[in-house]
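S.K.: Below you'll find target_34.txt; it's compact mmCIF, N, CA and C atoms.
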# COMPACT_ATOMS: atom_id res chain seq x y z
N MET A 1 38.08 1.71 -32.07
CA MET A 1 37.42 2.67 -31.22
C MET A 1 35.99 2.96 -31.69
N LYS A 2 35.77 2.98 -32.98
CA LYS A 2 34.44 3.27 -33.50
C LYS A 2 33.44 2.20 -33.09
N ARG A 3 33.87 0.96 -32.94
CA ARG A 3 32.96 -0.11 -32.55
C ARG A 3 32.56 0.00 -31.08
N LEU A 4 33.42 0.54 -30.23
CA LEU A 4 33.11 0.66 -28.82
C LEU A 4 32.01 1.67 -28.55
N ILE A 5 31.98 2.73 -29.31
CA ILE A 5 30.97 3.76 -29.07
C ILE A 5 29.56 3.21 -29.30
N PRO A 6 29.26 2.56 -30.43
CA PRO A 6 27.90 2.03 -30.58
C PRO A 6 27.56 0.98 -29.51
N LEU A 7 28.49 0.12 -29.13
CA LEU A 7 28.23 -0.86 -28.09
C LEU A 7 27.94 -0.17 -26.76
N PHE A 8 28.70 0.87 -26.47
CA PHE A 8 28.48 1.61 -25.23
C PHE A 8 27.09 2.25 -25.24
N LEU A 9 26.71 2.83 -26.38
CA LEU A 9 25.39 3.45 -26.48
C LEU A 9 24.27 2.42 -26.30
N VAL A 10 24.42 1.26 -26.93
CA VAL A 10 23.41 0.20 -26.80
C VAL A 10 23.33 -0.25 -25.34
N ALA A 11 24.47 -0.46 -24.71
CA ALA A 11 24.49 -0.89 -23.31
C ALA A 11 23.85 0.17 -22.42
N SER A 12 24.11 1.44 -22.68
CA SER A 12 23.51 2.52 -21.90
C SER A 12 22.01 2.55 -22.07
N LEU A 13 21.54 2.39 -23.31
CA LEU A 13 20.10 2.40 -23.57
C LEU A 13 19.41 1.22 -22.90
N LEU A 14 20.02 0.07 -22.94
CA LEU A 14 19.44 -1.10 -22.29
C LEU A 14 19.36 -0.88 -20.78
N GLY A 15 20.39 -0.30 -20.22
CA GLY A 15 20.39 -0.01 -18.79
C GLY A 15 19.29 0.96 -18.43
N CYS A 16 19.09 1.98 -19.25
CA CYS A 16 18.03 2.97 -18.98
C CYS A 16 16.66 2.33 -19.10
N SER A 17 16.48 1.47 -20.09
CA SER A 17 15.16 0.88 -20.25
C SER A 17 14.83 -0.03 -19.07
N GLN A 18 15.82 -0.67 -18.49
CA GLN A 18 15.56 -1.50 -17.32
C GLN A 18 15.10 -0.64 -16.15
N GLN A 19 15.71 0.52 -15.98
CA GLN A 19 15.32 1.39 -14.88
C GLN A 19 13.92 1.95 -15.10
N ILE A 20 13.57 2.28 -16.30
CA ILE A 20 12.27 2.85 -16.59
C ILE A 20 11.16 1.83 -16.36
N THR A 21 11.39 0.57 -16.70
CA THR A 21 10.34 -0.44 -16.57
C THR A 21 10.35 -1.14 -15.22
N ASN A 22 11.24 -0.74 -14.32
CA ASN A 22 11.33 -1.36 -13.01
C ASN A 22 10.06 -1.04 -12.21
N ASN A 23 9.33 -2.05 -11.79
CA ASN A 23 8.09 -1.86 -11.04
C ASN A 23 8.25 -2.14 -9.55
N GLU A 24 9.48 -2.23 -9.08
CA GLU A 24 9.69 -2.48 -7.67
C GLU A 24 9.25 -1.26 -6.86
N PRO A 25 8.74 -1.48 -5.66
CA PRO A 25 8.28 -0.35 -4.84
C PRO A 25 9.44 0.48 -4.32
N TYR A 26 9.19 1.76 -4.16
CA TYR A 26 10.18 2.66 -3.60
C TYR A 26 9.97 2.70 -2.09
N ILE A 27 10.99 2.31 -1.32
CA ILE A 27 10.89 2.28 0.13
C ILE A 27 12.14 2.93 0.72
N GLU A 28 11.95 3.83 1.67
CA GLU A 28 13.05 4.45 2.37
C GLU A 28 13.33 3.70 3.66
N GLU A 29 14.45 4.02 4.28
CA GLU A 29 14.79 3.40 5.56
C GLU A 29 13.81 3.84 6.64
N GLY A 30 13.56 2.98 7.60
CA GLY A 30 12.71 3.32 8.73
C GLY A 30 11.23 3.16 8.44
N GLU A 31 10.44 3.46 9.45
CA GLU A 31 8.99 3.34 9.34
C GLU A 31 8.36 4.70 9.55
N ILE A 32 7.12 4.80 9.14
CA ILE A 32 6.32 6.01 9.36
C ILE A 32 5.51 5.78 10.63
N GLU A 33 5.39 6.79 11.45
CA GLU A 33 4.61 6.68 12.68
C GLU A 33 3.19 7.20 12.44
N MET A 34 2.22 6.30 12.49
CA MET A 34 0.80 6.65 12.44
C MET A 34 0.06 5.66 13.31
N LYS A 35 -1.11 6.07 13.78
CA LYS A 35 -1.96 5.19 14.58
C LYS A 35 -3.16 4.78 13.74
N LEU A 36 -3.56 3.52 13.87
CA LEU A 36 -4.73 2.99 13.17
C LEU A 36 -5.75 2.53 14.19
N PHE A 37 -7.01 2.94 13.97
CA PHE A 37 -8.14 2.50 14.79
C PHE A 37 -9.14 1.85 13.85
N ILE A 38 -9.65 0.69 14.24
CA ILE A 38 -10.71 0.02 13.49
C ILE A 38 -11.90 -0.08 14.43
N ASP A 39 -13.01 0.57 14.04
CA ASP A 39 -14.20 0.64 14.89
C ASP A 39 -13.83 1.05 16.31
N LYS A 40 -13.06 2.14 16.41
CA LYS A 40 -12.64 2.77 17.68
C LYS A 40 -11.60 1.97 18.47
N LYS A 41 -11.22 0.79 17.99
CA LYS A 41 -10.21 -0.02 18.70
C LYS A 41 -8.83 0.30 18.11
N GLU A 42 -7.90 0.75 18.97
CA GLU A 42 -6.55 1.04 18.48
C GLU A 42 -5.83 -0.27 18.16
N ILE A 43 -5.24 -0.30 16.97
CA ILE A 43 -4.49 -1.47 16.51
C ILE A 43 -3.00 -1.11 16.64
N ASN A 44 -2.36 -1.64 17.66
CA ASN A 44 -0.97 -1.30 17.94
C ASN A 44 0.02 -2.08 17.08
N GLU A 45 -0.43 -3.14 16.47
CA GLU A 45 0.46 -4.02 15.73
C GLU A 45 0.52 -3.66 14.25
N VAL A 46 0.75 -2.39 13.93
CA VAL A 46 0.81 -1.94 12.54
C VAL A 46 2.22 -1.47 12.22
N THR A 47 2.73 -1.93 11.09
CA THR A 47 4.00 -1.45 10.57
C THR A 47 3.69 -0.68 9.29
N TRP A 48 3.96 0.63 9.31
CA TRP A 48 3.74 1.48 8.14
C TRP A 48 5.04 1.57 7.35
N ILE A 49 4.96 1.34 6.05
CA ILE A 49 6.13 1.40 5.17
C ILE A 49 6.47 2.86 4.89
N ASN A 50 7.73 3.17 4.91
CA ASN A 50 8.18 4.54 4.63
C ASN A 50 8.38 4.70 3.13
N ASN A 51 7.35 5.19 2.46
CA ASN A 51 7.43 5.47 1.02
C ASN A 51 6.64 6.76 0.75
N PRO A 52 6.73 7.33 -0.44
CA PRO A 52 6.03 8.58 -0.71
C PRO A 52 4.51 8.51 -0.50
N SER A 53 3.89 7.37 -0.73
CA SER A 53 2.45 7.24 -0.54
C SER A 53 2.09 7.29 0.94
N SER A 54 2.82 6.58 1.77
CA SER A 54 2.57 6.61 3.21
C SER A 54 2.86 8.00 3.77
N GLN A 55 3.89 8.66 3.25
CA GLN A 55 4.19 10.02 3.68
C GLN A 55 3.04 10.96 3.32
N ALA A 56 2.48 10.80 2.11
CA ALA A 56 1.34 11.63 1.69
C ALA A 56 0.11 11.32 2.56
N LEU A 57 -0.08 10.06 2.91
CA LEU A 57 -1.19 9.67 3.78
C LEU A 57 -1.05 10.33 5.14
N LYS A 58 0.16 10.32 5.67
CA LYS A 58 0.40 10.94 6.98
C LYS A 58 0.07 12.42 6.96
N GLU A 59 0.33 13.08 5.84
CA GLU A 59 0.03 14.51 5.74
C GLU A 59 -1.47 14.79 5.82
N LEU A 60 -2.30 13.79 5.53
CA LEU A 60 -3.76 13.95 5.60
C LEU A 60 -4.32 13.73 7.01
N THR A 61 -3.52 13.16 7.89
CA THR A 61 -4.02 12.78 9.22
C THR A 61 -4.34 14.02 10.05
N PRO A 62 -5.30 13.89 10.96
CA PRO A 62 -6.15 12.72 11.21
C PRO A 62 -7.34 12.69 10.26
N PHE A 63 -7.81 11.50 9.95
CA PHE A 63 -9.00 11.35 9.11
C PHE A 63 -9.71 10.06 9.45
N THR A 64 -10.96 9.99 9.02
CA THR A 64 -11.83 8.83 9.24
C THR A 64 -12.36 8.38 7.89
N ILE A 65 -12.42 7.07 7.68
CA ILE A 65 -12.94 6.51 6.43
C ILE A 65 -13.96 5.41 6.76
N GLU A 66 -15.12 5.51 6.13
CA GLU A 66 -16.11 4.45 6.20
C GLU A 66 -15.74 3.43 5.13
N MET A 67 -15.54 2.18 5.53
CA MET A 67 -15.12 1.14 4.60
C MET A 67 -16.22 0.10 4.43
N SER A 68 -16.19 -0.57 3.28
CA SER A 68 -17.16 -1.63 2.98
C SER A 68 -16.43 -2.90 2.58
N ARG A 69 -17.00 -4.03 2.99
CA ARG A 69 -16.43 -5.32 2.61
C ARG A 69 -16.61 -5.50 1.10
N TYR A 70 -15.57 -6.02 0.46
CA TYR A 70 -15.61 -6.25 -0.98
C TYR A 70 -14.98 -7.60 -1.27
N GLY A 71 -15.65 -8.42 -2.06
CA GLY A 71 -15.10 -9.69 -2.52
C GLY A 71 -14.89 -10.74 -1.44
N GLY A 72 -15.32 -10.47 -0.22
CA GLY A 72 -15.16 -11.45 0.84
C GLY A 72 -13.75 -11.59 1.37
N PHE A 73 -12.85 -10.62 1.03
CA PHE A 73 -11.47 -10.72 1.48
C PHE A 73 -10.83 -9.38 1.84
N GLU A 74 -11.60 -8.27 1.72
CA GLU A 74 -11.01 -6.96 1.97
C GLU A 74 -12.07 -5.95 2.40
N GLN A 75 -11.59 -4.88 3.03
CA GLN A 75 -12.38 -3.70 3.32
C GLN A 75 -11.81 -2.56 2.48
N VAL A 76 -12.69 -1.79 1.82
CA VAL A 76 -12.26 -0.72 0.91
C VAL A 76 -12.97 0.57 1.30
N GLY A 77 -12.21 1.67 1.30
CA GLY A 77 -12.80 2.98 1.56
C GLY A 77 -12.05 4.07 0.83
N SER A 78 -12.77 5.12 0.47
CA SER A 78 -12.21 6.20 -0.33
C SER A 78 -11.59 7.29 0.53
N LEU A 79 -10.45 7.79 0.08
CA LEU A 79 -9.82 8.96 0.70
C LEU A 79 -10.50 10.25 0.25
N ASN A 80 -11.33 10.17 -0.79
CA ASN A 80 -11.98 11.33 -1.41
C ASN A 80 -10.99 12.30 -2.04
N GLN A 81 -9.81 11.83 -2.30
CA GLN A 81 -8.80 12.58 -3.05
C GLN A 81 -7.71 11.62 -3.47
N ARG A 82 -6.92 12.05 -4.43
CA ARG A 82 -5.83 11.21 -4.92
C ARG A 82 -4.54 11.60 -4.22
N ILE A 83 -3.70 10.59 -3.96
CA ILE A 83 -2.35 10.84 -3.45
C ILE A 83 -1.37 10.08 -4.34
N VAL A 84 -0.12 10.40 -4.21
CA VAL A 84 0.93 9.78 -5.00
C VAL A 84 0.90 8.27 -4.81
N SER A 85 1.12 7.53 -5.90
CA SER A 85 1.15 6.07 -5.81
C SER A 85 2.28 5.52 -6.67
N ASN A 86 2.64 4.29 -6.38
CA ASN A 86 3.64 3.56 -7.14
C ASN A 86 3.16 2.12 -7.24
N ASP A 87 2.04 1.93 -7.98
CA ASP A 87 1.43 0.61 -8.08
C ASP A 87 2.36 -0.40 -8.72
N TYR A 88 2.32 -1.61 -8.21
CA TYR A 88 3.04 -2.74 -8.78
C TYR A 88 2.24 -4.00 -8.47
N GLN A 89 2.41 -5.00 -9.29
CA GLN A 89 1.69 -6.26 -9.12
C GLN A 89 2.16 -6.94 -7.85
N LEU A 90 1.21 -7.28 -6.98
CA LEU A 90 1.57 -8.01 -5.78
C LEU A 90 0.41 -8.89 -5.34
N THR A 91 0.74 -9.93 -4.63
CA THR A 91 -0.26 -10.79 -4.02
C THR A 91 -0.29 -10.44 -2.54
N THR A 92 -1.43 -9.92 -2.10
CA THR A 92 -1.55 -9.49 -0.72
C THR A 92 -1.74 -10.69 0.20
N VAL A 93 -1.48 -10.45 1.47
CA VAL A 93 -1.72 -11.43 2.51
C VAL A 93 -2.59 -10.77 3.57
N PRO A 94 -3.27 -11.55 4.39
CA PRO A 94 -4.09 -10.95 5.44
C PRO A 94 -3.28 -9.97 6.29
N GLY A 95 -3.84 -8.78 6.47
CA GLY A 95 -3.17 -7.73 7.24
C GLY A 95 -2.56 -6.64 6.39
N ASP A 96 -2.40 -6.88 5.09
CA ASP A 96 -1.81 -5.84 4.24
C ASP A 96 -2.73 -4.63 4.13
N ILE A 97 -2.11 -3.46 4.16
CA ILE A 97 -2.81 -2.18 3.95
C ILE A 97 -2.22 -1.59 2.68
N VAL A 98 -3.08 -1.33 1.69
CA VAL A 98 -2.59 -0.86 0.39
C VAL A 98 -3.40 0.34 -0.08
N LEU A 99 -2.83 1.02 -1.06
CA LEU A 99 -3.50 2.10 -1.78
C LEU A 99 -3.90 1.54 -3.14
N TYR A 100 -5.16 1.75 -3.52
CA TYR A 100 -5.67 1.28 -4.80
C TYR A 100 -6.16 2.48 -5.60
N SER A 101 -5.74 2.57 -6.86
CA SER A 101 -6.15 3.64 -7.76
C SER A 101 -5.86 5.03 -7.20
N SER A 102 -4.83 5.15 -6.42
CA SER A 102 -4.36 6.42 -5.85
C SER A 102 -5.33 7.10 -4.90
N SER A 103 -6.52 6.50 -4.66
CA SER A 103 -7.50 7.20 -3.84
C SER A 103 -8.30 6.31 -2.88
N ASN A 104 -7.98 5.03 -2.83
CA ASN A 104 -8.72 4.11 -1.96
C ASN A 104 -7.77 3.35 -1.05
N ILE A 105 -8.15 3.27 0.22
CA ILE A 105 -7.41 2.46 1.18
C ILE A 105 -8.07 1.09 1.21
N VAL A 106 -7.26 0.05 1.17
CA VAL A 106 -7.76 -1.32 1.24
C VAL A 106 -7.01 -2.04 2.36
N ILE A 107 -7.78 -2.72 3.21
CA ILE A 107 -7.18 -3.55 4.27
C ILE A 107 -7.67 -4.97 4.05
N PHE A 108 -6.73 -5.91 3.97
CA PHE A 108 -7.06 -7.29 3.64
C PHE A 108 -7.19 -8.17 4.88
N PHE A 109 -8.25 -8.99 4.88
CA PHE A 109 -8.35 -10.08 5.84
C PHE A 109 -8.26 -11.41 5.09
N GLY A 110 -8.12 -11.34 3.78
CA GLY A 110 -7.87 -12.47 2.89
C GLY A 110 -6.71 -12.11 1.98
N SER A 111 -6.75 -12.62 0.77
CA SER A 111 -5.65 -12.40 -0.16
C SER A 111 -6.19 -12.06 -1.54
N ASN A 112 -5.41 -11.29 -2.30
CA ASN A 112 -5.77 -10.95 -3.67
C ASN A 112 -4.49 -10.60 -4.42
N SER A 113 -4.53 -10.76 -5.72
CA SER A 113 -3.40 -10.39 -6.56
C SER A 113 -3.86 -9.30 -7.52
N TRP A 114 -3.22 -8.13 -7.43
CA TRP A 114 -3.59 -6.97 -8.25
C TRP A 114 -2.46 -5.97 -8.20
N SER A 115 -2.66 -4.84 -8.82
CA SER A 115 -1.67 -3.77 -8.82
C SER A 115 -2.03 -2.74 -7.74
N TYR A 116 -1.18 -2.66 -6.71
CA TYR A 116 -1.41 -1.78 -5.56
C TYR A 116 -0.11 -1.07 -5.19
N THR A 117 -0.25 -0.10 -4.30
CA THR A 117 0.90 0.51 -3.62
C THR A 117 0.79 0.09 -2.16
N LYS A 118 1.78 -0.62 -1.68
CA LYS A 118 1.73 -1.11 -0.30
C LYS A 118 2.03 0.04 0.66
N LEU A 119 1.17 0.15 1.69
CA LEU A 119 1.32 1.20 2.70
C LEU A 119 1.81 0.64 4.03
N GLY A 120 1.38 -0.57 4.35
CA GLY A 120 1.74 -1.13 5.64
C GLY A 120 1.16 -2.51 5.84
N HIS A 121 1.26 -2.98 7.09
CA HIS A 121 0.79 -4.32 7.42
C HIS A 121 0.36 -4.35 8.88
N ILE A 122 -0.80 -4.98 9.12
CA ILE A 122 -1.27 -5.23 10.49
C ILE A 122 -0.76 -6.60 10.88
N ASN A 123 0.02 -6.65 11.95
CA ASN A 123 0.68 -7.88 12.38
C ASN A 123 -0.17 -8.64 13.39
N LEU A 124 -1.34 -9.11 12.92
CA LEU A 124 -2.23 -9.93 13.74
C LEU A 124 -2.47 -11.26 13.05
N ARG A 125 -2.91 -12.25 13.84
CA ARG A 125 -3.25 -13.56 13.26
C ARG A 125 -4.46 -13.41 12.36
N LYS A 126 -4.60 -14.32 11.41
CA LYS A 126 -5.69 -14.29 10.45
C LYS A 126 -7.06 -14.28 11.14
N GLU A 127 -7.20 -15.05 12.21
CA GLU A 127 -8.47 -15.10 12.94
C GLU A 127 -8.82 -13.74 13.54
N GLU A 128 -7.82 -13.06 14.10
CA GLU A 128 -8.04 -11.73 14.67
C GLU A 128 -8.44 -10.73 13.59
N LEU A 129 -7.76 -10.79 12.46
CA LEU A 129 -8.09 -9.90 11.33
C LEU A 129 -9.51 -10.18 10.84
N ASN A 130 -9.86 -11.44 10.75
CA ASN A 130 -11.19 -11.83 10.30
C ASN A 130 -12.26 -11.26 11.25
N ASN A 131 -12.02 -11.35 12.55
CA ASN A 131 -12.96 -10.81 13.53
C ASN A 131 -13.10 -9.30 13.41
N LEU A 132 -12.01 -8.61 13.14
CA LEU A 132 -12.03 -7.15 13.00
C LEU A 132 -12.65 -6.68 11.69
N LEU A 133 -12.39 -7.40 10.61
CA LEU A 133 -12.67 -6.87 9.27
C LEU A 133 -13.75 -7.59 8.47
N ASN A 134 -14.06 -8.82 8.80
CA ASN A 134 -15.01 -9.57 7.99
C ASN A 134 -16.44 -9.23 8.42
N LYS A 135 -16.83 -7.98 8.14
CA LYS A 135 -18.15 -7.43 8.45
C LYS A 135 -18.61 -6.66 7.22
N GLU A 136 -19.87 -6.29 7.19
CA GLU A 136 -20.37 -5.49 6.06
C GLU A 136 -19.61 -4.18 5.93
N SER A 137 -19.30 -3.55 7.06
CA SER A 137 -18.58 -2.27 7.03
C SER A 137 -17.80 -2.09 8.32
N VAL A 138 -16.76 -1.28 8.23
CA VAL A 138 -15.99 -0.87 9.40
C VAL A 138 -15.63 0.61 9.21
N THR A 139 -15.30 1.25 10.30
CA THR A 139 -14.82 2.62 10.26
C THR A 139 -13.37 2.60 10.71
N ILE A 140 -12.50 3.20 9.90
CA ILE A 140 -11.10 3.31 10.32
C ILE A 140 -10.78 4.77 10.56
N GLU A 141 -9.87 4.96 11.49
CA GLU A 141 -9.32 6.28 11.76
C GLU A 141 -7.81 6.14 11.70
N ILE A 142 -7.17 7.10 11.07
CA ILE A 142 -5.71 7.12 11.04
C ILE A 142 -5.28 8.49 11.55
N GLU A 143 -4.39 8.45 12.52
CA GLU A 143 -3.87 9.71 13.07
C GLU A 143 -2.38 9.61 13.33
Please re-express this file's structure in structure tokens.
M.R.:
Amino acid sequence: MKRLIPLFLVASLLGCSQQITNNEPYIEEGEIEMKLFIDKKEINEVTWINNPSSQALKELTPFTIEMSRYGGFEQVGSLNQRIVSNDYQLTTVPGDIVLYSSSNIVIFFGSNSWSYTKLGHINLRKEELNNLLNKESVTIEIE
């Protein structure tokens, strides 16, 4: 019996350490309802992920963000405040909407690999995303 207790404790500690280091995103069932406009054009093909970051974003609505092209593959704009995040390493694809550094919204028309919190995805073809986003700047509105 004495040998089982230390093994149980080791197994419990290993299990806890796996949960603590788990970097998988937290996602609830269903989607969040928000509207996205890019340069006054409503984008109906958006799927918002239901997670604490998207919920915090929704609480800020409606708002407008001036975004700037960065790196030739994304538009970045500041929320001017921090919201809850759960960053994890991911490789984005065109159309991904992410939170960077808890205070910046990024929308991709290309791809990048970094630590982000995924908020949603614009379900348009790459060419359509390029036409919408591959400019010096865009204005987004979320409501």
S.K.: Of the candidates A:Asn86, A:Ser78, A:Thr64, A:Asn131, which one gets nearest to Lys118 in chain A if we count only N, CA and C atoms?
M.R.: A:Asn86
S.K.: Mind the document's chain letters and residue numbers, and return as a ChimeraX atom specification the residues of range 27-79 of chain A that DSSP labels strand (DSSP E).
M.R.: /A:31-32,36-38,41-43,46-49,63-70,74-78
S.K.: Tell me, as a list in words, which residues lie within 10 Å of Phe63 in chain A, counting only C-alpha atoms; anything in the same chain fewer than 2 positions away does not count.
M.R.: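 Residues near the query, excluding close chain neighbours: Leu57, Lys58, Leu60, Thr61, Ile65, Leu79, Ile140, Glu141, Ile142 and Glu143 of chain A.
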S.K.: Any idea what the distance is between CA of Gln81 in chain A and atom C of Ser102 in chain A?
M.R.: 6.7 Å
S.K.: CA of Leu36 in chain A and atom N of Ser103 in chain A, how far apart in Å?
M.R.: 18.3 Å
S.K.: Which residues, written as a PyMOL selection string, have at least one atom at most 6 Å from Glu31 in chain A, with all atoms listed in the file counted and residues fewer than 3 positions away on the same chain left out?
M.R.: chain A and resi 48-50
S.K.: Write a file of the selected residues as a JSON list (two decimals), in the frame of the given file, keeping N, CA and C atoms.
M.R.:
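Listed below is the output, out18.json:
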[["chain", "number", "residue", "atom", "x", "y", "z"],
["A", 48, "TRP", "N", 3.96, 0.63, 9.31],
["A", 48, "TRP", "CA", 3.74, 1.48, 8.14],
["A", 48, "TRP", "C", 5.04, 1.57, 7.35],
["A", 49, "ILE", "N", 4.96, 1.34, 6.05],
["A", 49, "ILE", "CA", 6.13, 1.40, 5.17],
["A", 49, "ILE", "C", 6.47, 2.86, 4.89],
["A", 50, "ASN", "N", 7.73, 3.17, 4.91],
["A", 50, "ASN", "CA", 8.18, 4.54, 4.63],
["A", 50, "ASN", "C", 8.38, 4.70, 3.13]]
S.K.: Tell me, which residues of range 21-134 of chain A carry DSSP helix (DSSP H, G or I), written as JSON, numbers by chain?
M.R.: {"A": [52, 53, 54, 55, 56, 57, 58, 59, 60, 126, 127, 128, 129, 130, 131, 132, 133]}
S.K.: Around the point (-8.4, -2.3, -5.5), in the coordinates given by the file, pick out the residues reaching within 8 Å, counting all atoms listed in the file, and return them as a list in words.
M.R.: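 Nearby residues: Val76, Val98, Leu99, Tyr100, Ser101, Asn104, Ile105, Val106, Trp114, Ser115 and Tyr116 of chain A.
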